[in-house]
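Here is the file coords.txt (compact mmCIF, C-alpha atoms (C1' of nucleotides)).
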```
# COMPACT_ATOMS: atom_id res chain seq x y z
CA MET A 1 159.39 84.85 -13.13
CA THR A 2 156.67 84.46 -10.56
CA SER A 3 157.32 80.91 -9.48
CA ARG A 4 155.14 80.76 -6.46
CA ALA A 5 151.97 79.05 -7.49
CA GLU A 6 152.29 76.58 -10.29
CA ALA A 7 148.62 75.82 -10.75
CA ALA A 8 149.42 74.28 -14.08
CA ASP A 9 146.80 71.60 -13.68
CA MET A 10 144.07 72.14 -11.15
CA PRO A 11 144.35 75.36 -9.16
CA ASP A 12 140.83 74.85 -7.82
CA ASP A 13 140.31 77.69 -5.41
CA GLY A 14 140.51 76.44 -1.88
CA GLU A 15 142.44 78.95 0.13
CA ILE A 16 143.22 82.33 -1.30
CA LYS A 17 146.51 83.95 -0.40
CA THR A 18 145.06 87.45 -0.14
CA PRO A 19 147.21 89.47 -2.47
CA ASP A 20 143.89 91.17 -3.00
CA ARG A 21 143.69 94.17 -5.07
CA LEU A 22 140.87 92.56 -6.95
CA ARG A 23 138.83 91.99 -3.84
CA ARG A 24 139.34 95.31 -2.07
CA ARG A 25 138.48 97.72 -4.82
CA ALA A 26 135.46 99.81 -3.95
CA SER A 27 134.29 99.83 -7.53
CA ARG A 28 134.34 96.06 -7.76
CA LEU A 29 132.78 95.54 -4.39
CA LEU A 30 130.02 97.95 -5.25
CA SER A 31 129.33 96.18 -8.52
CA GLN A 32 129.10 92.81 -6.88
CA MET A 33 127.01 94.02 -4.00
CA THR A 34 124.64 95.90 -6.25
CA ALA A 35 124.26 92.91 -8.51
CA GLN A 36 123.16 90.88 -5.54
CA SER A 37 120.98 93.67 -4.22
CA ASP A 38 119.30 94.18 -7.57
CA ARG A 39 118.70 90.50 -7.97
CA LEU A 40 117.00 90.26 -4.58
CA THR A 41 115.04 93.45 -5.14
CA ASN A 42 113.76 92.45 -8.55
CA GLU A 43 112.88 89.02 -7.26
CA GLY A 44 110.93 90.42 -4.33
CA LEU A 45 109.17 93.09 -6.34
CA ALA A 46 108.32 90.65 -9.11
CA GLN A 47 106.21 88.71 -6.65
CA ALA A 48 104.21 91.88 -6.14
CA ASP A 49 103.99 92.44 -9.89
CA ALA A 50 106.22 95.49 -9.71
CA ARG A 51 109.66 96.77 -10.55
CA LYS A 52 112.13 99.10 -8.92
CA TRP A 53 110.93 102.01 -10.97
CA HIS A 54 107.35 101.48 -9.96
CA TYR A 55 108.34 101.80 -6.36
CA ALA A 56 110.42 104.88 -6.94
CA ALA A 57 107.64 106.62 -8.80
CA LEU A 58 104.94 105.72 -6.28
CA ALA A 59 107.07 106.62 -3.29
CA SER A 60 108.02 109.96 -4.74
CA LEU A 61 104.37 110.68 -5.48
CA GLN A 62 103.34 109.90 -1.94
CA GLU A 63 106.15 111.84 -0.34
CA TYR A 64 106.27 114.93 -2.48
CA GLY A 65 102.78 114.98 -3.93
CA PRO A 66 101.54 115.00 -7.54
CA GLY A 67 103.65 116.38 -10.33
CA SER A 68 104.39 116.33 -14.00
CA GLN A 69 106.31 113.47 -15.58
CA ALA A 70 109.38 115.62 -15.86
CA THR A 71 109.15 116.51 -12.18
CA LEU A 72 108.87 112.86 -11.23
CA SER A 73 111.78 112.14 -13.47
CA ARG A 74 113.98 114.61 -11.62
CA ARG A 75 112.83 113.41 -8.24
CA THR A 76 113.47 109.75 -8.87
CA GLY A 77 116.39 109.82 -11.23
CA ILE A 78 114.39 107.89 -13.81
CA TYR A 79 114.91 109.28 -17.28
CA ARG A 80 112.09 111.12 -18.92
CA SER A 81 112.15 108.61 -21.73
CA ASP A 82 111.77 105.65 -19.42
CA MET A 83 109.17 107.35 -17.26
CA VAL A 84 106.61 106.96 -20.02
CA ALA A 85 106.54 103.18 -19.83
CA VAL A 86 106.61 103.18 -16.03
CA LEU A 87 103.57 105.42 -15.84
CA ASN A 88 101.82 103.41 -18.53
CA GLU A 89 102.21 100.31 -16.43
CA LEU A 90 101.19 102.05 -13.23
CA ALA A 91 98.16 103.63 -14.90
CA GLU A 92 97.12 100.29 -16.41
CA ARG A 93 97.03 98.86 -12.92
CA GLY A 94 95.07 101.82 -11.63
CA LEU A 95 97.80 102.83 -9.19
CA VAL A 96 98.25 106.25 -10.70
CA GLU A 97 96.22 108.76 -12.63
CA ARG A 98 97.51 110.68 -15.61
CA ALA A 99 95.59 113.82 -16.45
CA PRO A 100 96.48 116.77 -18.67
CA ASP A 101 97.46 119.88 -16.74
CA PRO A 102 94.89 122.58 -17.45
CA GLY A 103 97.41 125.27 -16.53
CA ASP A 104 100.11 124.06 -18.92
CA ARG A 105 98.95 121.95 -21.78
CA ARG A 106 102.38 120.45 -22.30
CA ARG A 107 102.24 118.72 -18.94
CA ASN A 108 100.51 115.69 -17.54
CA VAL A 109 99.71 115.76 -13.86
CA ILE A 110 100.38 112.42 -12.22
CA THR A 111 98.49 111.57 -9.06
CA ILE A 112 98.70 108.49 -6.90
CA THR A 113 95.38 106.73 -6.32
CA ALA A 114 94.10 105.07 -3.16
CA GLN A 115 94.91 101.72 -4.68
CA GLY A 116 98.34 103.04 -5.49
CA ARG A 117 98.90 103.98 -1.87
CA ARG A 118 97.84 100.52 -0.79
CA HIS A 119 100.17 98.93 -3.28
CA LEU A 120 103.01 101.19 -2.22
CA HIS A 121 102.50 100.19 1.38
CA CYS A 122 102.77 96.57 0.34
CA LEU A 123 105.93 97.21 -1.64
CA ASP A 124 107.37 99.03 1.34
CA LYS A 125 107.03 95.94 3.45
CA VAL A 126 108.71 93.83 0.81
CA LEU A 127 111.60 96.28 0.57
CA ASP A 128 111.96 96.54 4.33
CA ASP A 129 112.45 92.80 4.52
CA LEU A 130 114.91 92.94 1.67
CA HIS A 131 116.81 95.76 3.28
CA GLU A 132 117.23 93.61 6.35
CA GLU A 133 118.24 90.55 4.40
CA LEU A 134 120.75 92.62 2.48
CA LEU A 135 122.45 94.00 5.58
CA ALA A 136 121.99 90.81 7.57
CA PRO A 137 125.68 90.19 8.31
CA LEU A 138 126.10 93.62 9.91
CA LEU A 139 125.32 94.63 13.45
CA PRO A 140 122.58 97.25 13.86
CA ALA A 141 125.06 100.02 14.51
CA GLU A 142 127.09 98.97 11.50
CA ARG A 143 124.02 98.96 9.29
CA ASP A 144 123.27 102.53 10.25
CA GLN A 145 126.79 103.56 9.61
CA PHE A 146 126.92 101.77 6.30
CA VAL A 147 123.77 103.52 5.14
CA ASP A 148 125.16 106.78 6.44
CA LEU A 149 128.45 106.44 4.61
CA LEU A 150 126.67 105.42 1.43
CA THR A 151 124.33 108.37 1.70
CA ARG A 152 127.19 110.77 2.05
CA LEU A 153 128.95 109.25 -0.96
CA VAL A 154 125.86 109.40 -3.12
CA ASP A 155 125.07 112.95 -2.06
CA HIS A 156 128.58 114.07 -2.81
CA HIS A 157 128.64 112.59 -6.26
CA THR A 158 125.15 113.69 -7.28
CA GLN A 159 125.99 117.21 -6.15
CA GLN A 160 129.15 117.04 -8.19
CA ALA A 161 127.21 115.87 -11.20
CA HIS A 162 124.60 118.59 -10.78
CA ARG A 163 127.23 121.27 -10.84
CA ALA A 164 128.74 120.20 -14.13
CA PRO A 165 126.27 121.22 -16.92
CA MET B 1 105.90 93.63 18.02
CA THR B 2 105.85 96.70 15.87
CA SER B 3 102.97 98.60 17.34
CA ARG B 4 103.53 101.87 15.62
CA ALA B 5 101.29 102.25 12.58
CA GLU B 6 98.84 99.49 11.87
CA ALA B 7 97.61 100.74 8.52
CA ALA B 8 95.02 98.06 7.96
CA ASP B 9 93.24 100.18 5.41
CA MET B 10 94.61 103.68 5.08
CA PRO B 11 98.28 104.05 5.84
CA ASP B 12 97.90 107.67 6.83
CA ASP B 13 101.47 108.82 7.54
CA GLY B 14 101.35 112.56 7.31
CA GLU B 15 104.56 113.17 9.20
CA ILE B 16 104.59 110.30 11.65
CA LYS B 17 106.40 107.72 9.61
CA THR B 18 107.71 109.49 6.57
CA PRO B 19 111.39 109.96 6.61
CA ASP B 20 112.86 109.79 3.16
CA ARG B 21 112.55 106.09 2.75
CA LEU B 22 113.41 106.64 -0.85
CA ARG B 23 116.74 108.09 0.06
CA ARG B 24 117.76 105.72 2.83
CA ARG B 25 117.17 102.39 1.20
CA ALA B 26 120.37 100.42 0.89
CA SER B 27 119.29 98.92 -2.42
CA ARG B 28 118.65 102.34 -3.94
CA LEU B 29 121.80 103.86 -2.53
CA LEU B 30 123.84 101.00 -3.86
CA SER B 31 122.32 101.34 -7.30
CA GLN B 32 123.03 105.03 -7.47
CA MET B 33 126.51 104.73 -6.10
CA THR B 34 127.40 101.89 -8.40
CA ALA B 35 126.04 103.75 -11.37
CA GLN B 36 128.39 106.60 -10.57
CA SER B 37 131.25 104.26 -9.83
CA ASP B 38 130.76 102.34 -13.05
CA ARG B 39 130.58 105.53 -15.05
CA LEU B 40 133.84 106.78 -13.62
CA THR B 41 135.52 103.42 -13.98
CA ASN B 42 134.50 102.93 -17.58
CA GLU B 43 135.52 106.47 -18.38
CA GLY B 44 138.93 106.00 -16.83
CA LEU B 45 139.57 102.61 -18.34
CA ALA B 46 138.37 103.74 -21.74
CA GLN B 47 141.25 106.19 -21.85
CA ALA B 48 143.56 103.22 -21.47
CA ASP B 49 141.66 101.30 -24.16
CA ALA B 50 140.35 98.80 -21.63
CA ARG B 51 137.23 97.69 -19.83
CA LYS B 52 136.45 96.42 -16.37
CA TRP B 53 136.61 92.83 -17.52
CA HIS B 54 140.02 93.28 -19.02
CA TYR B 55 141.32 94.42 -15.69
CA ALA B 56 139.68 91.60 -13.79
CA ALA B 57 141.12 89.00 -16.12
CA LEU B 58 144.63 90.44 -16.15
CA ALA B 59 144.71 90.95 -12.39
CA SER B 60 143.55 87.43 -11.72
CA LEU B 61 146.19 86.09 -14.10
CA GLN B 62 148.94 88.00 -12.37
CA GLU B 63 147.82 87.10 -8.88
CA TYR B 64 146.87 83.47 -9.28
CA GLY B 65 148.89 82.48 -12.28
CA PRO B 66 147.87 81.03 -15.64
CA GLY B 67 144.75 78.95 -16.01
CA SER B 68 142.06 77.72 -18.32
CA GLN B 69 139.25 80.01 -19.41
CA ALA B 70 136.85 78.26 -17.07
CA THR B 71 139.26 78.76 -14.17
CA LEU B 72 139.56 82.44 -14.96
CA SER B 73 135.84 82.62 -15.19
CA ARG B 74 135.40 81.27 -11.68
CA ARG B 75 138.11 83.49 -10.29
CA THR B 76 136.76 86.71 -11.71
CA GLY B 77 133.04 86.09 -11.76
CA ILE B 78 132.98 86.71 -15.49
CA TYR B 79 130.80 84.18 -17.25
CA ARG B 80 132.43 81.57 -19.44
CA SER B 81 130.41 82.87 -22.36
CA ASP B 82 131.66 86.42 -21.95
CA MET B 83 135.21 85.36 -21.23
CA VAL B 84 135.68 84.43 -24.88
CA ALA B 85 135.34 87.98 -26.12
CA VAL B 86 137.43 89.39 -23.29
CA LEU B 87 140.31 87.06 -24.09
CA ASN B 88 139.94 87.74 -27.79
CA GLU B 89 140.41 91.42 -27.15
CA LEU B 90 143.28 90.86 -24.74
CA ALA B 91 144.99 88.47 -27.12
CA GLU B 92 144.55 90.88 -30.03
CA ARG B 93 146.41 93.49 -28.02
CA GLY B 94 149.13 90.99 -27.13
CA LEU B 95 148.42 91.26 -23.41
CA VAL B 96 147.65 87.59 -23.03
CA GLU B 97 148.53 84.35 -24.70
CA ARG B 98 146.01 81.62 -25.46
CA ALA B 99 147.49 78.19 -26.06
CA PRO B 100 145.90 74.76 -26.16
CA ASP B 101 146.55 72.69 -23.04
CA PRO B 102 148.56 69.60 -24.07
CA GLY B 103 147.30 67.76 -20.99
CA ASP B 104 143.63 68.33 -21.67
CA ARG B 105 142.68 69.11 -25.22
CA ARG B 106 139.44 70.76 -24.14
CA ARG B 107 141.27 73.51 -22.34
CA ASN B 108 143.12 76.62 -23.38
CA VAL B 109 145.86 77.81 -21.10
CA ILE B 110 145.84 81.57 -20.70
CA THR B 111 149.06 83.31 -19.75
CA ILE B 112 149.73 86.97 -19.14
CA THR B 113 152.51 88.44 -21.25
CA ALA B 114 155.16 90.96 -20.26
CA GLN B 115 153.22 93.60 -22.11
CA GLY B 116 150.11 92.48 -20.29
CA ARG B 117 151.83 92.99 -16.97
CA ARG B 118 152.88 96.45 -18.01
CA HIS B 119 149.39 97.29 -19.10
CA LEU B 120 147.96 95.92 -15.87
CA HIS B 121 150.29 98.10 -13.87
CA CYS B 122 149.01 101.08 -15.78
CA LEU B 123 145.40 100.14 -15.20
CA ASP B 124 146.14 99.69 -11.53
CA LYS B 125 147.24 103.27 -11.29
CA VAL B 126 144.10 104.47 -13.04
CA LEU B 127 141.92 102.46 -10.68
CA ASP B 128 143.78 103.63 -7.62
CA ASP B 129 143.05 107.21 -8.56
CA LEU B 130 139.44 106.34 -9.21
CA HIS B 131 139.17 104.56 -5.90
CA GLU B 132 140.29 107.72 -4.19
CA GLU B 133 137.99 109.95 -6.16
CA LEU B 134 135.12 107.65 -5.39
CA LEU B 135 135.66 107.71 -1.65
CA ALA B 136 136.77 111.33 -1.59
CA PRO B 137 134.11 112.63 0.82
CA LEU B 138 135.08 110.10 3.49
CA LEU B 139 137.85 110.37 6.04
CA PRO B 140 140.62 107.79 5.74
CA ALA B 141 139.30 105.76 8.66
CA GLU B 142 135.83 105.87 7.19
CA ARG B 143 137.05 104.71 3.83
CA ASP B 144 138.64 101.68 5.40
CA GLN B 145 135.54 100.90 7.31
CA PHE B 146 133.35 101.34 4.28
CA VAL B 147 135.46 98.93 2.29
CA ASP B 148 135.46 96.57 5.22
CA LEU B 149 131.70 96.61 5.61
CA LEU B 150 131.23 96.17 1.89
CA THR B 151 133.63 93.26 1.84
CA ARG B 152 131.77 91.52 4.61
CA LEU B 153 128.47 92.03 2.85
CA VAL B 154 129.77 90.74 -0.45
CA ASP B 155 131.44 87.76 1.19
CA HIS B 156 128.31 86.85 3.05
CA HIS B 157 126.11 86.97 -0.01
CA THR B 158 128.48 85.16 -2.32
CA GLN B 159 128.87 82.42 0.26
CA GLN B 160 125.12 82.23 0.51
CA ALA B 161 124.88 81.99 -3.24
CA HIS B 162 127.56 79.33 -3.43
CA ARG B 163 125.69 77.14 -1.02
CA ALA B 164 122.42 77.26 -2.90
CA PRO B 165 122.80 75.29 -6.18
C1' DT C 1 130.04 50.73 -24.39
C1' DT C 2 127.13 53.88 -22.21
C1' DA C 3 126.49 57.74 -19.54
C1' DC C 4 127.77 61.91 -17.70
C1' DA C 5 130.66 66.11 -16.87
C1' DT C 6 133.60 69.74 -18.49
C1' DC C 7 135.43 72.97 -21.85
C1' DG C 8 135.28 76.66 -25.40
C1' DT C 9 132.16 78.93 -28.23
C1' DT C 10 128.00 81.17 -30.35
C1' DA C 11 123.73 83.18 -29.91
C1' DG C 12 120.33 85.51 -27.61
C1' DC C 13 117.37 87.59 -23.67
C1' DG C 14 116.26 91.24 -20.14
C1' DC C 15 117.25 95.16 -17.81
C1' DG C 16 119.09 99.48 -16.52
C1' DA C 17 121.49 103.80 -18.03
C1' DC C 18 121.63 106.87 -21.57
C1' DT C 19 121.13 109.63 -26.29
C1' DA C 20 118.67 111.48 -30.31
C1' DA C 21 115.07 113.26 -32.33
C1' DC C 22 110.33 114.32 -33.06
C1' DG C 23 106.06 117.45 -32.43
C1' DC C 24 103.81 120.25 -29.38
C1' DA C 25 103.10 124.01 -26.16
C1' DA C 26 104.70 128.11 -23.45
C1' DC C 27 107.09 132.32 -23.18
C1' DA C 28 110.00 136.31 -23.98
C1' DA C 29 111.98 139.64 -27.34
C1' DG C 30 111.99 142.02 -31.37
C1' DC D 1 102.47 138.90 -35.10
C1' DT D 2 106.55 136.30 -35.96
C1' DT D 3 110.77 134.20 -34.25
C1' DG D 4 113.84 131.79 -31.25
C1' DT D 5 114.35 129.38 -27.01
C1' DT D 6 113.12 126.36 -23.66
C1' DG D 7 110.54 122.64 -21.52
C1' DC D 8 107.35 118.79 -22.21
C1' DG D 9 105.83 113.85 -23.52
C1' DT D 10 106.88 110.28 -26.57
C1' DT D 11 109.27 106.92 -29.69
C1' DA D 12 113.19 104.66 -30.99
C1' DG D 13 117.56 102.96 -30.50
C1' DT D 14 122.44 102.22 -28.39
C1' DC D 15 125.58 100.03 -25.09
C1' DG D 16 127.21 97.25 -21.40
C1' DC D 17 126.43 93.89 -18.02
C1' DG D 18 124.52 89.60 -16.01
C1' DC D 19 122.75 85.43 -17.32
C1' DT D 20 120.72 81.22 -19.99
C1' DA D 21 120.65 77.77 -23.66
C1' DA D 22 122.63 75.04 -26.65
C1' DC D 23 126.26 73.09 -29.55
C1' DG D 24 130.39 70.01 -30.62
C1' DA D 25 134.49 68.22 -28.90
C1' DT D 26 136.79 66.16 -25.24
C1' DG D 27 137.64 63.89 -20.83
C1' DT D 28 135.99 60.59 -16.92
C1' DA D 29 133.36 56.94 -14.68
C1' DA D 30 129.79 53.16 -14.60
```

Show me this structure written as structure tokens.
Amino acid sequence: MTSRAEAADMPDDGEIKTPDRLRRRASRLLSQMTAQSDRLTNEGLAQADARKWHYAALASLQEYGPGSQATLSRRTGIYRSDMVAVLNELAERGLVERAPDPGDRRRNVITITAQGRRHLHCLDKVLDDLHEELLAPLLPAERDQFVDLLTRLVDHHTQQAHRAP
Amino acid sequence: MTSRAEAADMPDDGEIKTPDRLRRRASRLLSQMTAQSDRLTNEGLAQADARKWHYAALASLQEYGPGSQATLSRRTGIYRSDMVAVLNELAERGLVERAPDPGDRRRNVITITAQGRRHLHCLDKVLDDLHEELLAPLLPAERDQFVDLLTRLVDHHTQQAHRAP
DNA sequence: TTACATCGTTAGCGCGACTAACGCAACAAG
DNA sequence: CTTGTTGCGTTAGTCGCGCTAACGATGTAA
């Protein structure tokens, strides 16, 4: 019989007693934080007529150079099947060029255009602001460490996943 | 004033300003990490015939006592509309009891059963293991700090969100 | 009474992660 | 040359989560 809090009528959260295994679970915290992060990101990118995937594709093109759709897919983590639509949208806007690879007729070679680079630069600014807003409550040193810890976690788990198949 | 690269027209960046900005963005890292976390969590909970929402509902019931569906909804962050199905599934399994509130005929009072408490205890063990697996690459001190930083971030943003409407 | 707020419930949208399956092209082995 | 395997682009569809809209029934306040 847990007879501590009756709360039969109006519990109405005012002060929480911190028994807290709901609030300190990494999985839950990550979900909540990512929900917020995604919301902000989508909001910001929507004002630039873009989505997260657009940014990932463009950035990977600029950093690692042109490549086939499958290559882009591996670089960004976007699935091959979803890449199609992303590149359609980017090509429609003239941010990217899709040309058949003469050396391998199965492939398309995707290249970022000048307009694409301009757009990417704009998106970068948006995301920089968002990054700051996201980590606002942390001190500069803490932000770095947070990013560092997260990077190590992600690296570890993606390595792990890549070793499985 | 950021006087590094002006980039009024052509944002050159050969190797001056091109770290992996794809890999160090908090939003992207969070997405990837949460994807992995969610995958593991769902996998683990599936083996106990449960989902994340089931755990959240049960844990909140045990920690804060019985309450109406709307109360549970506010405590867990699960939407009222989704709570229905969650409680249906929990009630089907006999983990929870749903009874009309005699004091307010709009409400249902949700109570966790003995079996529900047992099940919750089991889920807790599963999630503890997962928590450890998730943070495996970090040292104990780092894990604490990671959770701490995350908690502060989440708190800040949920406060922010609660002040908006 | 009128007006508004809250509750449980149903239905549906959008998005991100993921699978299945197709047809085509490349390539290596027999 | 055929045959099997592998990789490619594409289409379609699944599933879960977060979220909105609307309903009828009930409670509360003007």

**Item:** Distance query A:Arg24 at most 9 Å, all atoms listed in the file, self and fewer than 4 positions along chain excluded, as an MDAnalysis selection string
**Value:** (chainID A and resid 20 28:29) or (chainID B and resid 147:148 151)

File dump, residues just selected, C-alpha atoms, as a short mmCIF file (atom, residue, chain, number, x, y, z; two decimals), keeping the file's coordinate frame:
```cif
data_model
loop_
_atom_site.label_atom_id
_atom_site.label_comp_id
_atom_site.auth_asym_id
_atom_site.auth_seq_id
_atom_site.Cartn_x
_atom_site.Cartn_y
_atom_site.Cartn_z
CA ASP A 20 143.89 91.17 -3.00
CA ARG A 28 134.34 96.06 -7.76
CA LEU A 29 132.78 95.54 -4.39
CA VAL B 147 135.46 98.93 2.29
CA ASP B 148 135.46 96.57 5.22
CA THR B 151 133.63 93.26 1.84
#
```

**Request:** Quote the spacing between atom CA of A:Leu87 and atom C1' of C:DA26 in Å to one decimal place.
**Result:** 24.0 Å

**Asked** Which residue out of C:DA3, C:DA25, C:DA20, C:DA11 has the minimum interatomic distance to chain A when all atoms listed in the file are used?
**Response**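 Under the stated criterion, the closest residue is C:DA25.
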
Just fit chain B onto chain A on all the Cα atoms, in order, by least squares, and give it as a short mmCIF file (atom, residue, chain, number, x, y, z; two decimals) with C-alpha atoms, in the frame of the given file.
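Written output follows (superposed-v1.cif):
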```
data_model
loop_
_atom_site.label_atom_id
_atom_site.label_comp_id
_atom_site.auth_asym_id
_atom_site.auth_seq_id
_atom_site.Cartn_x
_atom_site.Cartn_y
_atom_site.Cartn_z
CA MET B 1 156.17 99.22 -5.17
CA THR B 2 154.45 95.89 -5.12
CA SER B 3 157.38 93.55 -4.96
CA ARG B 4 155.52 90.40 -4.18
CA ALA B 5 154.95 88.31 -7.29
CA GLU B 6 156.39 89.56 -10.52
CA ALA B 7 154.82 87.01 -12.83
CA ALA B 8 156.47 88.19 -16.00
CA ASP B 9 155.77 84.90 -17.69
CA MET B 10 154.30 82.27 -15.42
CA PRO B 11 152.21 83.59 -12.58
CA ASP B 12 152.89 80.57 -10.43
CA ASP B 13 150.77 81.15 -7.31
CA GLY B 14 150.41 77.77 -5.74
CA GLU B 15 149.41 79.03 -2.32
CA ILE B 16 151.33 82.27 -2.09
CA LYS B 17 148.82 84.63 -3.58
CA THR B 18 145.62 82.69 -3.93
CA PRO B 19 143.01 83.72 -1.50
CA ASP B 20 139.56 83.42 -2.95
CA ARG B 21 139.78 86.42 -5.18
CA LEU B 22 136.60 85.21 -6.74
CA ARG B 23 134.77 85.50 -3.49
CA ARG B 24 136.17 88.78 -2.22
CA ARG B 25 135.70 90.98 -5.23
CA ALA B 26 133.37 93.85 -4.48
CA SER B 27 131.93 93.77 -7.99
CA ARG B 28 131.05 90.09 -7.71
CA LEU B 29 129.69 90.39 -4.21
CA LEU B 30 127.54 93.29 -5.23
CA SER B 31 126.17 91.39 -8.20
CA GLN B 32 125.26 88.39 -6.12
CA MET B 33 123.78 90.40 -3.32
CA THR B 34 121.76 92.55 -5.65
CA ALA B 35 120.49 89.53 -7.49
CA GLN B 36 119.17 88.18 -4.22
CA SER B 37 117.85 91.55 -3.17
CA ASP B 38 116.08 92.09 -6.47
CA ARG B 39 114.56 88.65 -6.34
CA LEU B 40 113.16 89.24 -2.89
CA THR B 41 111.98 92.72 -3.74
CA ASN B 42 110.21 91.69 -6.91
CA GLU B 43 108.65 88.76 -5.13
CA GLY B 44 107.36 90.94 -2.34
CA LEU B 45 106.11 93.71 -4.56
CA ALA B 46 104.49 91.26 -6.94
CA GLN B 47 102.18 90.20 -4.13
CA ALA B 48 101.04 93.80 -3.94
CA ASP B 49 100.65 93.95 -7.73
CA ALA B 50 103.54 96.38 -8.06
CA ARG B 51 107.10 96.67 -9.27
CA LYS B 52 110.18 98.49 -8.10
CA TRP B 53 109.54 101.36 -10.47
CA HIS B 54 106.04 101.84 -9.21
CA TYR B 55 107.36 102.33 -5.74
CA ALA B 56 110.08 104.72 -6.82
CA ALA B 57 107.62 106.86 -8.73
CA LEU B 58 105.01 106.95 -5.99
CA ALA B 59 107.55 107.64 -3.25
CA SER B 60 109.11 110.46 -5.19
CA LEU B 61 105.68 111.96 -5.82
CA GLN B 62 104.80 111.86 -2.16
CA GLU B 63 108.11 113.24 -0.98
CA TYR B 64 108.78 115.93 -3.55
CA GLY B 65 105.32 116.69 -4.77
CA PRO B 66 103.80 116.58 -8.25
CA GLY B 67 105.91 117.08 -11.33
CA SER B 68 106.29 116.44 -15.01
CA GLN B 69 107.33 113.03 -16.28
CA ALA B 70 110.81 114.32 -17.02
CA THR B 71 111.10 115.67 -13.47
CA LEU B 72 110.05 112.33 -12.04
CA SER B 73 112.51 110.67 -14.31
CA ARG B 74 115.39 112.71 -12.94
CA ARG B 75 114.27 112.23 -9.37
CA THR B 76 113.98 108.47 -9.54
CA GLY B 77 116.63 107.56 -12.07
CA ILE B 78 114.01 105.90 -14.23
CA TYR B 79 114.51 106.75 -17.87
CA ARG B 80 112.02 109.02 -19.58
CA SER B 81 111.30 106.25 -22.05
CA ASP B 82 110.43 103.75 -19.34
CA MET B 83 108.50 106.26 -17.28
CA VAL B 84 105.68 106.18 -19.82
CA ALA B 85 104.78 102.58 -19.12
CA VAL B 86 105.17 102.99 -15.38
CA LEU B 87 102.75 105.90 -15.31
CA ASN B 88 100.36 104.08 -17.61
CA GLU B 89 100.20 101.23 -15.15
CA LEU B 90 99.90 103.54 -12.16
CA ALA B 91 97.20 105.59 -13.84
CA GLU B 92 95.29 102.46 -14.83
CA ARG B 93 95.18 101.49 -11.18
CA GLY B 94 94.07 104.98 -10.19
CA LEU B 95 97.16 105.57 -8.06
CA VAL B 96 98.26 108.59 -10.03
CA GLU B 97 96.71 111.27 -12.15
CA ARG B 98 98.18 112.46 -15.44
CA ALA B 99 96.97 115.85 -16.60
CA PRO B 100 98.29 118.21 -19.25
CA ASP B 101 100.18 121.19 -17.83
CA PRO B 102 98.27 124.36 -18.79
CA GLY B 103 101.47 126.39 -18.42
CA ASP B 104 103.55 124.27 -20.76
CA ARG B 105 101.67 122.18 -23.25
CA ARG B 106 104.59 119.80 -23.67
CA ARG B 107 104.35 118.63 -20.10
CA ASN B 108 102.07 116.32 -18.19
CA VAL B 109 101.64 117.01 -14.53
CA ILE B 110 101.64 113.84 -12.48
CA THR B 111 99.89 113.84 -9.12
CA ILE B 112 99.56 111.08 -6.58
CA THR B 113 96.00 110.25 -5.60
CA ALA B 114 94.62 109.36 -2.18
CA GLN B 115 94.50 105.76 -3.26
CA GLY B 116 98.06 106.07 -4.46
CA ARG B 117 99.13 107.26 -1.04
CA ARG B 118 97.39 104.34 0.56
CA HIS B 119 99.03 101.94 -1.80
CA LEU B 120 102.42 103.53 -1.21
CA HIS B 121 102.01 103.11 2.51
CA CYS B 122 101.34 99.45 1.94
CA LEU B 123 104.38 99.05 -0.27
CA ASP B 124 106.46 100.80 2.34
CA LYS B 125 105.58 98.17 4.86
CA VAL B 126 106.48 95.39 2.44
CA LEU B 127 109.83 97.00 1.72
CA ASP B 128 110.57 97.60 5.37
CA ASP B 129 110.15 93.91 6.04
CA LEU B 130 112.32 93.08 3.07
CA HIS B 131 114.97 95.51 4.21
CA GLU B 132 115.14 93.68 7.49
CA GLU B 133 115.21 90.26 5.92
CA LEU B 134 117.96 91.39 3.63
CA LEU B 135 120.20 92.64 6.40
CA ALA B 136 119.18 89.92 8.83
CA PRO B 137 122.65 88.47 9.45
CA LEU B 138 124.03 91.84 10.54
CA LEU B 139 123.84 93.42 13.96
CA PRO B 140 121.87 96.66 14.16
CA ALA B 141 125.01 98.78 14.31
CA GLU B 142 126.43 96.91 11.35
CA ARG B 143 123.29 97.41 9.34
CA ASP B 144 123.50 101.14 9.85
CA GLN B 145 127.10 101.18 8.88
CA PHE B 146 126.49 99.06 5.83
CA VAL B 147 123.78 101.40 4.63
CA ASP B 148 126.02 104.32 5.40
CA LEU B 149 128.96 102.95 3.45
CA LEU B 150 126.71 102.06 0.55
CA THR B 151 125.20 105.52 0.54
CA ARG B 152 128.60 107.13 0.40
CA LEU B 153 129.66 104.89 -2.44
CA VAL B 154 126.52 105.55 -4.44
CA ASP B 155 126.72 109.29 -3.81
CA HIS B 156 130.31 109.42 -4.89
CA HIS B 157 129.72 107.56 -8.12
CA THR B 158 126.56 109.38 -9.09
CA GLN B 159 128.30 112.69 -8.50
CA GLN B 160 131.15 111.48 -10.64
CA ALA B 161 128.70 110.49 -13.33
CA HIS B 162 126.88 113.80 -13.14
CA ARG B 163 130.06 115.70 -13.74
CA ALA B 164 131.05 113.78 -16.83
CA PRO B 165 128.63 114.68 -19.68
#
```

List as a Markdown table every residue of stretch 20-74 of chain A that is in contact with stretch 3-11 of chain D, defined as an atom at most 10 Å from one of its atoms (using all atoms listed in the file), together with the nearest atom pair and the distance in Å rounded to one decimal, sorted by chain and then rising number.
```
| residue | atom | partner | partner_atom | distance |
| --- | --- | --- | --- | --- |
| A:Ser68 | CA | D:DC8 | C1' | 9.1 |
| A:Gln69 | CA | D:DG9 | C1' | 8.0 |
| A:Ala70 | CA | D:DC8 | C1' | 7.4 |
```
